[in-house]
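> This is the content of coords.json (JSON, C-alpha atoms):
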```json
[["chain", "number", "residue", "atom", "x", "y", "z"],
["A", 1, "MET", "CA", 127.41, 105.76, 104.10],
["A", 2, "PRO", "CA", 131.06, 104.73, 104.07],
["A", 3, "LEU", "CA", 132.10, 101.11, 104.39],
["A", 4, "ARG", "CA", 133.24, 100.02, 107.85],
["A", 5, "PRO", "CA", 137.01, 99.80, 108.25],
["A", 6, "GLY", "CA", 138.19, 96.21, 108.44],
["A", 7, "GLN", "CA", 134.86, 94.91, 107.13],
["A", 8, "ALA", "CA", 134.66, 96.76, 103.83],
["A", 9, "TRP", "CA", 134.41, 93.58, 101.74],
["A", 10, "ASN", "CA", 131.55, 92.17, 103.88],
["A", 11, "ASP", "CA", 129.74, 95.51, 103.79],
["A", 12, "LEU", "CA", 130.08, 95.68, 100.02],
["A", 13, "ILE", "CA", 128.79, 92.12, 99.56],
["A", 14, "ASN", "CA", 125.84, 92.78, 101.91],
["A", 15, "ARG", "CA", 124.91, 95.96, 100.06],
["A", 16, "VAL", "CA", 125.15, 94.39, 96.62],
["A", 17, "MET", "CA", 123.10, 91.37, 97.73],
["A", 18, "GLY", "CA", 120.55, 93.73, 99.29],
["A", 19, "CYS", "CA", 120.30, 95.64, 96.01],
["A", 20, "LEU", "CA", 119.84, 92.43, 94.02],
["A", 21, "ALA", "CA", 117.21, 91.01, 96.38],
["A", 22, "SER", "CA", 115.32, 94.29, 96.53],
["A", 23, "SER", "CA", 115.53, 94.67, 92.77],
["A", 24, "PHE", "CA", 114.11, 91.25, 92.01],
["A", 25, "ILE", "CA", 111.46, 91.22, 94.74],
["A", 26, "LEU", "CA", 110.22, 94.82, 94.57],
["A", 27, "GLY", "CA", 111.07, 95.14, 90.86],
["A", 28, "THR", "CA", 108.93, 92.17, 89.88],
["A", 29, "ILE", "CA", 105.99, 93.52, 91.85],
["A", 30, "ALA", "CA", 106.50, 96.99, 90.34],
["A", 31, "LEU", "CA", 106.69, 95.59, 86.80],
["A", 32, "VAL", "CA", 103.48, 93.61, 87.21],
["A", 33, "LEU", "CA", 101.69, 96.68, 88.59],
["A", 34, "LEU", "CA", 103.13, 98.84, 85.81],
["A", 35, "MET", "CA", 101.96, 96.39, 83.15],
["A", 36, "GLN", "CA", 98.48, 96.27, 84.66],
["A", 37, "HIS", "CA", 97.95, 99.96, 85.30],
["A", 38, "LYS", "CA", 100.16, 101.75, 82.76],
["A", 39, "PRO", "CA", 100.69, 99.50, 79.71],
["A", 40, "ASP", "CA", 101.28, 102.59, 77.55],
["A", 41, "VAL", "CA", 104.73, 102.93, 79.16],
["A", 42, "PHE", "CA", 105.87, 99.81, 77.31],
["A", 43, "THR", "CA", 104.35, 101.05, 74.06],
["A", 44, "ALA", "CA", 106.28, 104.31, 74.50],
["A", 45, "GLY", "CA", 109.44, 102.29, 75.21],
["A", 46, "ALA", "CA", 108.99, 100.36, 71.96],
["A", 47, "ALA", "CA", 108.45, 103.61, 70.04],
["A", 48, "LEU", "CA", 111.56, 105.10, 71.62],
["A", 49, "ALA", "CA", 113.58, 102.02, 70.63],
["A", 50, "ARG", "CA", 112.32, 102.30, 67.04],
["A", 51, "LEU", "CA", 113.37, 105.96, 66.95],
["A", 52, "ALA", "CA", 116.85, 104.91, 68.09],
["A", 53, "THR", "CA", 116.91, 102.28, 65.29],
["A", 54, "PHE", "CA", 116.76, 99.38, 67.73],
["A", 55, "PRO", "CA", 114.22, 96.56, 67.65],
["A", 56, "PRO", "CA", 111.01, 97.39, 69.54],
["A", 57, "GLU", "CA", 111.78, 94.68, 72.13],
["A", 58, "ALA", "CA", 114.73, 96.78, 73.30],
["A", 59, "GLY", "CA", 112.23, 99.33, 74.63],
["A", 60, "PHE", "CA", 110.79, 96.68, 76.96],
["A", 61, "PHE", "CA", 114.25, 95.93, 78.32],
["A", 62, "VAL", "CA", 115.02, 99.62, 78.82],
["A", 63, "ILE", "CA", 111.82, 100.11, 80.83],
["A", 64, "THR", "CA", 112.43, 96.89, 82.79],
["A", 65, "GLY", "CA", 116.02, 97.89, 83.53],
["A", 66, "CYS", "CA", 114.96, 101.30, 84.80],
["A", 67, "VAL", "CA", 112.34, 99.73, 87.10],
["A", 68, "PHE", "CA", 114.84, 97.21, 88.46],
["A", 69, "VAL", "CA", 117.44, 99.91, 89.12],
["A", 70, "LEU", "CA", 114.92, 102.11, 90.93],
["A", 71, "CYS", "CA", 113.67, 99.18, 92.99],
["A", 72, "SER", "CA", 117.20, 98.24, 94.04],
["A", 73, "ILE", "CA", 117.72, 101.54, 95.87],
["A", 74, "PRO", "CA", 116.06, 100.57, 99.20],
["A", 75, "GLY", "CA", 117.91, 97.22, 99.32],
["A", 76, "PRO", "CA", 120.93, 98.24, 101.43],
["A", 77, "TRP", "CA", 118.70, 100.00, 103.96],
["A", 78, "ILE", "CA", 116.46, 96.96, 104.27],
["A", 79, "VAL", "CA", 119.47, 94.67, 104.80],
["A", 80, "ALA", "CA", 121.04, 97.12, 107.27],
["A", 81, "ALA", "CA", 117.78, 97.34, 109.22],
["A", 82, "ALA", "CA", 117.50, 93.54, 109.37],
["A", 83, "PHE", "CA", 121.11, 93.13, 110.56],
["A", 84, "LEU", "CA", 120.69, 95.90, 113.14],
["A", 85, "TRP", "CA", 117.46, 94.32, 114.41],
["A", 86, "LEU", "CA", 119.19, 90.93, 114.73],
["A", 87, "GLU", "CA", 122.27, 92.47, 116.38],
["A", 88, "ARG", "CA", 120.14, 94.17, 119.05],
["A", 89, "ARG", "CA", 118.43, 90.89, 119.85],
["A", 90, "LYS", "CA", 121.58, 88.79, 120.15],
["A", 91, "GLY", "CA", 121.30, 86.05, 122.77],
["A", 92, "ARG", "CA", 117.53, 85.61, 122.57],
["A", 93, "ASP", "CA", 115.91, 82.39, 121.46],
["A", 94, "ILE", "CA", 113.45, 82.04, 118.57],
["A", 95, "GLY", "CA", 110.42, 82.01, 120.89],
["A", 96, "GLU", "CA", 111.32, 85.39, 122.36],
["A", 97, "LEU", "CA", 111.92, 86.84, 118.89],
["A", 98, "ALA", "CA", 108.57, 85.51, 117.65],
["A", 99, "ALA", "CA", 106.77, 86.96, 120.69],
["A", 100, "GLU", "CA", 108.41, 90.34, 120.09],
["A", 101, "ILE", "CA", 107.42, 90.31, 116.41],
["A", 102, "ARG", "CA", 103.84, 89.39, 117.32],
["A", 103, "ALA", "CA", 103.72, 92.19, 119.90],
["A", 104, "GLY", "CA", 105.09, 94.63, 117.33],
["A", 105, "LEU", "CA", 102.46, 93.62, 114.80],
["A", 106, "GLY", "CA", 99.72, 93.97, 117.39],
["A", 107, "SER", "CA", 98.51, 90.37, 117.20],
["A", 108, "THR", "CA", 97.88, 88.42, 120.33],
["A", 109, "ARG", "CA", 98.11, 84.70, 120.74],
["A", 110, "THR", "CA", 95.00, 82.93, 121.98],
["A", 111, "PRO", "CA", 95.78, 80.37, 124.69],
["A", 112, "THR", "CA", 94.55, 76.89, 123.87],
["A", 113, "ALA", "CA", 92.50, 76.71, 127.11],
["A", 114, "ALA", "CA", 90.39, 79.67, 125.99],
["A", 115, "MET", "CA", 89.52, 78.07, 122.67],
["A", 116, "PRO", "CA", 86.07, 76.43, 122.50],
["A", 117, "GLN", "CA", 86.14, 72.67, 122.72],
["A", 118, "PRO", "CA", 84.14, 70.62, 120.22],
["A", 119, "ILE", "CA", 81.11, 68.78, 121.56],
["A", 120, "SER", "CA", 81.55, 65.06, 121.47],
["A", 121, "PRO", "CA", 78.70, 62.87, 120.21],
["A", 122, "THR", "CA", 78.64, 60.96, 123.52],
["A", 123, "ASP", "CA", 78.18, 64.09, 125.62],
["A", 124, "SER", "CA", 75.53, 63.42, 128.28],
["A", 125, "THR", "CA", 74.20, 66.97, 128.25],
["A", 126, "THR", "CA", 72.82, 66.67, 124.75],
["A", 127, "LYS", "CA", 69.55, 64.88, 124.15],
["A", 128, "PRO", "CA", 68.41, 63.46, 120.83]]
```
Have the structure of the file written as structure tokens, please.

Amino acid sequence: MPLRPGQAWNDLINRVMGCLASSFILGTIALVLLMQHKPDVFTAGAALARLATFPPEAGFFVITGCVFVLCSIPGPWIVAAAFLWLERRKGRDIGELAAEIRAGLGSTRTPTAAMPQPISPTDSTTKP
């Protein structure tokens, strides 16, 4: 998608920041899952580094770099979706936004009057 005319610098900064945030958030999660479920990938990376006459630790950084780059791809779309969502809701207060988010997630708020009240120890309806 091309940068907007007159706001190219802001668009570029937003996209780069989206890539960085997505890379570190999703990339960290992906690396942990990769280490837990496919540890042989890092062994293969170390073997590949040795074949290229690099120290075996370089293989770890190659695998990590690839994961971070792949996880940065959805970043600009996530940032764009967040800005678009906020732009469409301009002029609303935080309570209205929270209610809309709750409705979108399908959760309902229980009114405090409907919540059961605790029984006090001096209640006359209870007998020892």
> In Å, rounded to a single decimal, give me how far CA of Cys71 (chain A) is from CA of Trp85 (chain A).
22.3 Å
> Go through A:Met17, A:Leu48, A:Val67, A:Ala82 one by one, measure the shortest atom-to-atom distance of each to Met35 (chain A) using only C-alpha atoms, and give the residue with the smallest value.
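Closest to Met35 (chain A) of all the choices is A:Val67.
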> Work out how far CA of Gly27 (chain A) is from CA of Phe68 (chain A), in Å to one decimal.
4.9 Å
> Report the distance between CA of Ser23 (chain A) and CA of Arg102 (chain A) in Å, rounded to one decimal place.
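Distance between the two atoms: 27.7 Å.
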> Please determine, counting only C-alpha atoms, which residue among A:Ile63, A:Leu84, A:Leu12, A:Ala103 has the shortest atom-to-atom distance to Leu31 (chain A).
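Looking at the shortest contact to Leu31 (chain A), the residue is A:Ile63.
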> Skipping near chain neighbours, those fewer than 5 positions away, what residues fall within 10 Å of region 52-59 of chain A using all atoms listed in the file, listed as a VMD selection string?
chain A and resid 41 to 47 64 to 65
> Under the rule that only C-alpha atoms are counted, which of A:Glu87, A:Phe60, A:Ile13, A:Phe24 is the nearest residue to Pro39 (chain A)?
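Of A:Glu87, A:Phe60, A:Ile13, A:Phe24, the one nearest Pro39 (chain A) is A:Phe60, counting only C-alpha atoms.
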> Here is a test: counting only C-alpha atoms, which residue of A:Phe83, A:Ser22, A:Glu100, A:Gly6 is nearest to Leu70 (chain A)?
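For Leu70 (chain A), the nearest of the candidates is A:Ser22.
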> Can you give me N, CA, C and O atoms for region 81-105 of chain A, written as a compact mmCIF listing (two decimals), in the coordinates of the input?

```txt
# COMPACT_ATOMS: atom_id res chain seq x y z
N ALA A 81 118.79 97.37 108.15
CA ALA A 81 117.78 97.34 109.22
C ALA A 81 117.61 95.93 109.77
O ALA A 81 117.49 95.74 110.99
N ALA A 82 117.63 94.93 108.91
CA ALA A 82 117.50 93.54 109.37
C ALA A 82 118.70 93.14 110.22
O ALA A 82 118.54 92.53 111.29
N PHE A 83 119.92 93.47 109.78
CA PHE A 83 121.11 93.13 110.56
C PHE A 83 121.13 93.87 111.89
O PHE A 83 121.50 93.31 112.92
N LEU A 84 120.73 95.13 111.90
CA LEU A 84 120.69 95.90 113.14
C LEU A 84 119.66 95.31 114.10
O LEU A 84 119.92 95.20 115.30
N TRP A 85 118.51 94.93 113.58
CA TRP A 85 117.46 94.32 114.41
C TRP A 85 117.98 93.02 115.02
O TRP A 85 117.79 92.76 116.21
N LEU A 86 118.65 92.19 114.22
CA LEU A 86 119.19 90.93 114.73
C LEU A 86 120.33 91.17 115.73
O LEU A 86 120.44 90.46 116.73
N GLU A 87 121.15 92.16 115.48
CA GLU A 87 122.27 92.47 116.38
C GLU A 87 121.76 92.91 117.75
O GLU A 87 122.33 92.54 118.78
N ARG A 88 120.70 93.69 117.77
CA ARG A 88 120.14 94.17 119.05
C ARG A 88 119.45 93.07 119.84
O ARG A 88 119.22 93.21 121.02
N ARG A 89 119.12 91.98 119.18
CA ARG A 89 118.43 90.89 119.85
C ARG A 89 119.33 89.67 120.03
O ARG A 89 118.84 88.56 120.17
N LYS A 90 120.61 89.89 120.02
CA LYS A 90 121.58 88.79 120.15
C LYS A 90 121.39 88.12 121.52
O LYS A 90 121.20 88.79 122.52
N GLY A 91 121.42 86.80 121.53
CA GLY A 91 121.30 86.05 122.77
C GLY A 91 119.88 85.60 123.09
O GLY A 91 119.67 84.89 124.06
N ARG A 92 118.92 86.03 122.33
CA ARG A 92 117.53 85.61 122.57
C ARG A 92 117.22 84.37 121.74
O ARG A 92 117.78 84.17 120.67
N ASP A 93 116.29 83.57 122.24
CA ASP A 93 115.91 82.39 121.46
C ASP A 93 114.78 82.74 120.49
O ASP A 93 114.22 83.84 120.51
N ILE A 94 114.43 81.79 119.64
CA ILE A 94 113.45 82.04 118.57
C ILE A 94 112.06 82.34 119.13
O ILE A 94 111.31 83.12 118.56
N GLY A 95 111.72 81.75 120.27
CA GLY A 95 110.42 82.01 120.89
C GLY A 95 110.28 83.45 121.34
O GLY A 95 109.23 84.08 121.17
N GLU A 96 111.34 83.99 121.93
CA GLU A 96 111.32 85.39 122.36
C GLU A 96 111.24 86.33 121.16
O GLU A 96 110.52 87.33 121.21
N LEU A 97 111.97 86.00 120.10
CA LEU A 97 111.92 86.84 118.89
C LEU A 97 110.53 86.81 118.27
O LEU A 97 110.01 87.84 117.85
N ALA A 98 109.92 85.62 118.21
CA ALA A 98 108.57 85.51 117.65
C ALA A 98 107.56 86.29 118.48
O ALA A 98 106.68 86.96 117.95
N ALA A 99 107.69 86.22 119.82
CA ALA A 99 106.77 86.96 120.69
C ALA A 99 106.94 88.47 120.48
O ALA A 99 105.96 89.21 120.47
N GLU A 100 108.18 88.91 120.32
CA GLU A 100 108.41 90.34 120.09
C GLU A 100 107.84 90.80 118.76
O GLU A 100 107.27 91.88 118.65
N ILE A 101 107.98 89.96 117.73
CA ILE A 101 107.42 90.31 116.41
C ILE A 101 105.90 90.37 116.49
O ILE A 101 105.28 91.29 115.97
N ARG A 102 105.30 89.39 117.16
CA ARG A 102 103.84 89.39 117.32
C ARG A 102 103.37 90.63 118.07
O ARG A 102 102.38 91.25 117.71
N ALA A 103 104.09 90.99 119.14
CA ALA A 103 103.72 92.19 119.90
C ALA A 103 103.86 93.44 119.04
O ALA A 103 103.04 94.36 119.12
N GLY A 104 104.89 93.48 118.21
CA GLY A 104 105.09 94.63 117.33
C GLY A 104 104.03 94.75 116.26
O GLY A 104 103.67 95.83 115.83
N LEU A 105 103.51 93.61 115.81
CA LEU A 105 102.46 93.62 114.80
C LEU A 105 101.08 93.83 115.39
O LEU A 105 100.12 94.06 114.68
```
